[in-house]
>>> print(open('query25.pdb').read())   # PDB, C-alpha atoms
ATOM      1  CA  MET Y   1     -22.950  -6.776   0.483  1.00  0.00           C
ATOM      2  CA  THR Y   2     -19.301  -7.599   1.077  1.00  0.00           C
ATOM      3  CA  ARG Y   3     -16.758  -4.978   1.945  1.00  0.00           C
ATOM      4  CA  ALA Y   4     -13.414  -4.819   0.212  1.00  0.00           C
ATOM      5  CA  MET Y   5     -10.423  -3.421   2.021  1.00  0.00           C
ATOM      6  CA  PRO Y   6      -7.559  -2.163  -0.133  1.00  0.00           C
ATOM      7  CA  LEU Y   7      -4.016  -2.770   1.069  1.00  0.00           C
ATOM      8  CA  THR Y   8      -1.705  -0.184  -0.405  1.00  0.00           C
ATOM      9  CA  ALA Y   9       2.017  -0.191  -1.082  1.00  0.00           C
ATOM     10  CA  THR Y  10       3.022   3.457  -1.083  1.00  0.00           C
ATOM     11  CA  ALA Y  11       6.164   5.319  -2.011  1.00  0.00           C
ATOM     12  CA  ARG Y  12       7.551   8.082   0.160  1.00  0.00           C
ATOM     13  CA  ALA Y  13       5.949  10.662  -2.132  1.00  0.00           C
ATOM     14  CA  ARG Y  14       2.439   9.333  -1.312  1.00  0.00           C
ATOM     15  CA  THR Y  15       2.268   7.636  -4.691  1.00  0.00           C
ATOM     16  CA  PRO Y  16       0.427   4.299  -4.698  1.00  0.00           C
ATOM     17  CA  LEU Y  17       2.698   1.580  -6.092  1.00  0.00           C
ATOM     18  CA  HIS Y  18       0.367  -1.404  -5.758  1.00  0.00           C
ATOM     19  CA  VAL Y  19      -3.144  -1.954  -4.435  1.00  0.00           C
ATOM     20  CA  HIS Y  20      -4.378  -5.368  -3.336  1.00  0.00           C
ATOM     21  CA  THR Y  21      -8.098  -5.721  -2.549  1.00  0.00           C
ATOM     22  CA  THR Y  22      -9.339  -8.326  -0.070  1.00  0.00           C
ATOM     23  CA  ALA Y  23     -12.557  -9.011   1.779  1.00  0.00           C
ATOM     24  CA  ALA Y  24     -13.066  -7.011   4.967  1.00  0.00           C
ATOM     25  CA  ASN Y  25     -12.726 -10.065   7.203  1.00  0.00           C
ATOM     26  CA  VAL Y  26      -9.355 -11.219   5.808  1.00  0.00           C
ATOM     27  CA  ASN Y  27      -6.363 -10.727   8.068  1.00  0.00           C
ATOM     28  CA  ASP Y  28      -3.901  -8.236   6.527  1.00  0.00           C
ATOM     29  CA  LEU Y  29      -0.995 -10.367   7.701  1.00  0.00           C
ATOM     30  CA  THR Y  30      -1.902 -13.145   5.262  1.00  0.00           C
ATOM     31  CA  GLN Y  31      -1.710 -10.718   2.333  1.00  0.00           C
ATOM     32  CA  ALA Y  32       1.478  -8.834   3.275  1.00  0.00           C
ATOM     33  CA  LEU Y  33       3.870 -10.823   1.087  1.00  0.00           C
ATOM     34  CA  ALA Y  34       1.459 -10.789  -1.872  1.00  0.00           C
ATOM     35  CA  LEU Y  35       1.345  -7.006  -1.605  1.00  0.00           C
ATOM     36  CA  VAL Y  36       5.149  -6.737  -1.559  1.00  0.00           C
ATOM     37  CA  ASP Y  37       5.454  -9.191  -4.470  1.00  0.00           C
ATOM     38  CA  GLY Y  38       2.989  -7.161  -6.524  1.00  0.00           C
ATOM     39  CA  ILE Y  39       5.094  -4.000  -6.505  1.00  0.00           C
ATOM     40  CA  PRO Y  40       6.289  -3.463 -10.079  1.00  0.00           C
ATOM     41  CA  SER Y  41       9.819  -2.516 -11.077  1.00  0.00           C
ATOM     42  CA  VAL Y  42      10.394   1.179 -10.510  1.00  0.00           C
ATOM     43  CA  ALA Y  43      12.761   3.061 -12.781  1.00  0.00           C
ATOM     44  CA  GLY Y  44      14.531   6.007 -11.240  1.00  0.00           C
ATOM     45  CA  ARG Y  45      18.222   6.569 -11.462  1.00  0.00           C
ATOM     46  CA  PRO Y  46      20.139   5.421 -14.545  1.00  0.00           C
ATOM     47  CA  GLY Y  47      20.650   1.674 -14.628  1.00  0.00           C
ATOM     48  CA  ARG Y  48      18.451  -1.299 -13.931  1.00  0.00           C
ATOM     49  CA  PRO Y  49      15.027  -0.597 -12.424  1.00  0.00           C
ATOM     50  CA  ARG Y  50      14.576  -1.436  -8.743  1.00  0.00           C
ATOM     51  CA  ARG Y  51      12.703  -4.678  -8.220  1.00  0.00           C
ATOM     52  CA  ARG Y  52      12.090  -4.480  -4.479  1.00  0.00           C
ATOM     53  CA  PRO Y  53      11.744  -1.836  -1.781  1.00  0.00           C
ATOM     54  CA  ASP Y  54      14.527  -1.140   0.704  1.00  0.00           C
ATOM     55  CA  ALA Y  55      12.188  -1.370   3.695  1.00  0.00           C
ATOM     56  CA  VAL Y  56       8.592  -2.254   4.535  1.00  0.00           C
ATOM     57  CA  LEU Y  57       6.699  -0.279   7.153  1.00  0.00           C
ATOM     58  CA  GLY Y  58       3.926  -1.994   9.097  1.00  0.00           C
ATOM     59  CA  ASP Y  59       1.894  -1.587  12.245  1.00  0.00           C
ATOM     60  CA  LYS Y  60       1.359  -4.222  14.944  1.00  0.00           C
ATOM     61  CA  ALA Y  61      -1.077  -6.142  12.739  1.00  0.00           C
ATOM     62  CA  TYR Y  62       1.872  -7.219  10.558  1.00  0.00           C
ATOM     63  CA  ASP Y  63       3.996  -8.495  13.458  1.00  0.00           C
ATOM     64  CA  SER Y  64       4.877 -12.078  12.530  1.00  0.00           C
ATOM     65  CA  ARG Y  65       8.178 -13.919  12.652  1.00  0.00           C
ATOM     66  CA  ALA Y  66       7.388 -15.698   9.405  1.00  0.00           C
ATOM     67  CA  VAL Y  67       6.700 -12.460   7.521  1.00  0.00           C
ATOM     68  CA  CYS Y  68       9.781 -10.730   8.957  1.00  0.00           C
ATOM     69  CA  ARG Y  69      11.934 -13.757   8.141  1.00  0.00           C
ATOM     70  CA  GLU Y  70      10.623 -13.860   4.573  1.00  0.00           C
ATOM     71  CA  LEU Y  71      11.194 -10.111   4.094  1.00  0.00           C
ATOM     72  CA  ARG Y  72      14.779 -10.413   5.374  1.00  0.00           C
ATOM     73  CA  ARG Y  73      15.348 -13.366   3.034  1.00  0.00           C
ATOM     74  CA  ARG Y  74      14.339 -11.043   0.199  1.00  0.00           C
ATOM     75  CA  ARG Y  75      16.788  -8.416   1.518  1.00  0.00           C
ATOM     76  CA  ILE Y  76      13.992  -6.062   2.618  1.00  0.00           C
ATOM     77  CA  LEU Y  77      14.234  -4.405   6.026  1.00  0.00           C
ATOM     78  CA  PRO Y  78      11.003  -4.912   8.039  1.00  0.00           C
ATOM     79  CA  VAL Y  79      10.119  -1.868  10.191  1.00  0.00           C
ATOM     80  CA  ILE Y  80       7.228  -3.309  12.195  1.00  0.00           C
ATOM     81  CA  SER Y  81       5.980  -2.474  15.685  1.00  0.00           C
ATOM     82  CA  ARG Y  82       5.962  -5.421  18.083  1.00  0.00           C
ATOM     83  CA  LYS Y  83       2.778  -6.613  19.733  1.00  0.00           C
ATOM     84  CA  GLY Y  84       2.676  -5.882  23.452  1.00  0.00           C
ATOM     85  CA  SER Y  85       5.374  -3.204  23.290  1.00  0.00           C
ATOM     86  CA  PRO Y  86       5.126   0.565  22.967  1.00  0.00           C
ATOM     87  CA  ASN Y  87       5.105   1.986  19.467  1.00  0.00           C
ATOM     88  CA  ILE Y  88       8.401   2.595  17.742  1.00  0.00           C
ATOM     89  CA  LYS Y  89       9.364   6.228  18.143  1.00  0.00           C
ATOM     90  CA  GLY Y  90       8.846   8.052  14.873  1.00  0.00           C
ATOM     91  CA  LEU Y  91       6.733   5.285  13.332  1.00  0.00           C
ATOM     92  CA  GLY Y  92       3.718   7.600  13.394  1.00  0.00           C
ATOM     93  CA  LYS Y  93       5.506  10.033  11.090  1.00  0.00           C
ATOM     94  CA  LEU Y  94       6.243   7.199   8.692  1.00  0.00           C
ATOM     95  CA  SER Y  95       2.762   5.664   8.785  1.00  0.00           C
ATOM     96  CA  TYR Y  96       1.374   9.103   7.919  1.00  0.00           C
ATOM     97  CA  VAL Y  97       2.451   8.430   4.330  1.00  0.00           C
ATOM     98  CA  VAL Y  98       0.140   5.402   4.055  1.00  0.00           C
ATOM     99  CA  GLU Y  99      -2.746   7.105   5.867  1.00  0.00           C
ATOM    100  CA  ARG Y 100      -2.411  10.107   3.555  1.00  0.00           C
ATOM    101  CA  THR Y 101      -2.667   7.788   0.537  1.00  0.00           C
ATOM    102  CA  PHE Y 102      -5.901   6.318   1.927  1.00  0.00           C
ATOM    103  CA  ALA Y 103      -7.196   9.866   2.405  1.00  0.00           C
ATOM    104  CA  LEU Y 104      -6.377  10.642  -1.236  1.00  0.00           C
ATOM    105  CA  LEU Y 105      -8.226   7.505  -2.348  1.00  0.00           C
ATOM    106  CA  HIS Y 106     -11.252   8.395  -0.215  1.00  0.00           C
ATOM    107  CA  GLN Y 107     -11.544  11.755  -1.965  1.00  0.00           C
ATOM    108  CA  PHE Y 108     -13.183   9.707  -4.687  1.00  0.00           C
ATOM    109  CA  LYS Y 109     -16.591   9.188  -3.089  1.00  0.00           C
ATOM    110  CA  ARG Y 110     -17.238   5.970  -4.961  1.00  0.00           C
ATOM    111  CA  LEU Y 111     -14.249   4.374  -3.225  1.00  0.00           C
ATOM    112  CA  ALA Y 112     -15.031   5.667   0.259  1.00  0.00           C
ATOM    113  CA  VAL Y 113     -18.168   3.508   0.409  1.00  0.00           C
ATOM    114  CA  ARG Y 114     -18.241   0.541  -1.910  1.00  0.00           C
ATOM    115  CA  ARG Y 115     -21.554   0.160  -3.704  1.00  0.00           C
ATOM    116  CA  GLU Y 116     -20.524  -2.140  -6.555  1.00  0.00           C
ATOM    117  CA  ARG Y 117     -21.301  -5.798  -6.100  1.00  0.00           C
ATOM    118  CA  ARG Y 118     -18.701  -6.909  -8.605  1.00  0.00           C
ATOM    119  CA  LEU Y 119     -15.091  -6.744  -7.503  1.00  0.00           C
ATOM    120  CA  GLU Y 120     -13.919  -6.027 -11.065  1.00  0.00           C
ATOM    121  CA  LEU Y 121     -15.814  -2.734 -11.120  1.00  0.00           C
ATOM    122  CA  HIS Y 122     -14.447  -1.695  -7.732  1.00  0.00           C
ATOM    123  CA  ASN Y 123     -10.896  -2.562  -8.786  1.00  0.00           C
ATOM    124  CA  THR Y 124     -11.356  -0.610 -12.007  1.00  0.00           C
ATOM    125  CA  PHE Y 125     -12.399   2.510 -10.122  1.00  0.00           C
ATOM    126  CA  LEU Y 126      -9.531   1.930  -7.679  1.00  0.00           C
ATOM    127  CA  SER Y 127      -7.026   1.721 -10.560  1.00  0.00           C
ATOM    128  CA  LEU Y 128      -8.483   4.851 -12.111  1.00  0.00           C
ATOM    129  CA  ALA Y 129      -8.184   6.716  -8.801  1.00  0.00           C
ATOM    130  CA  CYS Y 130      -4.548   5.606  -8.402  1.00  0.00           C
ATOM    131  CA  SER Y 131      -3.824   6.776 -11.955  1.00  0.00           C
ATOM    132  CA  LEU Y 132      -5.349  10.182 -11.244  1.00  0.00           C
ATOM    133  CA  ILE Y 133      -3.326  10.492  -8.020  1.00  0.00           C
ATOM    134  CA  CYS Y 134      -0.116   9.679  -9.924  1.00  0.00           C
ATOM    135  CA  ARG Y 135      -1.045  12.157 -12.667  1.00  0.00           C
ATOM    136  CA  ARG Y 136      -1.583  14.913 -10.101  1.00  0.00           C
ATOM    137  CA  ARG Y 137       1.800  14.124  -8.513  1.00  0.00           C
ATOM    138  CA  LEU Y 138       3.516  14.342 -11.897  1.00  0.00           C
ATOM    139  CA  ARG Y 139       1.794  17.630 -12.699  1.00  0.00           C
ATOM    140  CA  LYS Y 140       3.014  19.137  -9.434  1.00  0.00           C
ATOM    141  CA  THR Y 141       6.613  18.118 -10.061  1.00  0.00           C
ATOM    142  CA  HIS Y 142       6.638  19.444 -13.640  1.00  0.00           C
ATOM    143  CA  SER Y 143       5.026  22.800 -12.879  1.00  0.00           C
TER     144      SER Y 143
END
>>> encode(input="query25.pdb", output="structure tokens")
Amino acid sequence: MTRAMPLTATARARTPLHVHTTAANVNDLTQALALVDGIPSVAGRPGRPRRRPDAVLGDKAYDSRAVCRELRRRRILPVISRKGSPNIKGLGKLSYVVERTFALLHQFKRLAVRRERRLELHNTFLSLACSLICRRRLRKTHS
């Protein structure tokens, strides 16, 4: 049985913006730009919807000159720890947002341990879980 690892683009409010599923043995670095490109337009303030994030947060696994160069070319600030150097101060507080999103996804037992052989079924349950998380966030803000 193959494992699928979800990569998650998350907003500050712990809301999943985009989920990209890969095999467990695929390097996250190779999928970083695909994850950023998959983020849909987000409407917020009056005017045109935002098409890209202001910054991308990543741990040492995402440290690559090519990825940082490509993010800067897209006018996105890369906030990535460097390999071989101590962690950026305060990065733990920021990465908590992503880890919290994974914890919310793992509340759905079917996603914590993948039992489906077909990727389509797993992605369907993943989309459903993300929808329920977003619905709960909207309920909290409106109540």
>>> atom_distance(input="query25.pdb", atom1="CA of Val56 in chain Y", atom2="CA of Ile76 in chain Y")
6.9 Å
>>> closest_atom_pairs(input="query25.pdb", of="range 28-86 of chain Y", to="range 95-106 of chain Y", cutoff="9 Å", atoms="all atoms listed in the file", output="tab-separated table")
residue	atom	partner	partner_atom	distance
Y:Leu57	CA	Y:Ser95	CA	7.3
Y:Gly58	CA	Y:Ser95	CA	7.8
Y:Asp59	CA	Y:Ser95	CA	8.1
>>> atom_distance(input="query25.pdb", atom1="CA of Ala112 in chain Y", atom2="CA of Phe125 in chain Y")
11.2 Å
>>> residues_near_point(input="query25.pdb", point="(8.9, -9.1, 14.7)", cutoff="10 Å", atoms="all atoms listed in the file", output="list of chain:residue names")
Y:Lys60, Y:Tyr62, Y:Asp63, Y:Ser64, Y:Arg65, Y:Ala66, Y:Val67, Y:Cys68, Y:Arg69, Y:Pro78, Y:Val79, Y:Ile80, Y:Ser81, Y:Arg82, Y:Lys83
>>> closest_residue(input="query25.pdb", among="Y:Leu126, Y:Thr30, Y:Pro16, Y:Lys140", to="Ala61 in chain Y", atoms="all atoms listed in the file")
Y:Thr30
>>> closest_residue(input="query25.pdb", among="Y:Arg74, Y:Arg50, Y:His142, Y:Arg110", to="Thr124 in chain Y", atoms="only C-alpha atoms")
Y:Arg110
>>> closest_residue(input="query25.pdb", among="Y:Arg117, Y:His20, Y:Arg52, Y:Arg135", to="Arg75 in chain Y", atoms="only C-alpha atoms")
Y:Arg52
>>> atom_distance(input="query25.pdb", atom1="CA of Ser41 in chain Y", atom2="CA of His122 in chain Y")
24.5 Å
>>> closest_residue(input="query25.pdb", among="Y:Ala24, Y:Pro40, Y:Phe108, Y:Leu33", to="Arg73 in chain Y", atoms="all atoms listed in the file")
Y:Leu33
>>> axis_aligned_box(input="query25.pdb", around="range 53-67 of chain Y", padding_each_side="5 Å", output="lines of an AutoDock Vina configuration file")
center_x = 6.7
center_y = -8.0
center_z = 6.6
size_x = 25.6
size_y = 25.4
size_z = 26.7
>>> closest_residue(input="query25.pdb", among="Y:Leu128, Y:Arg72, Y:Pro46, Y:Gln31", to="Leu111 in chain Y", atoms="all atoms listed in the file")
Y:Leu128
>>> closest_residue(input="query25.pdb", among="Y:Asn27, Y:Cys130, Y:Asn123, Y:Leu17", to="Ile39 in chain Y", atoms="all atoms listed in the file")
Y:Leu17
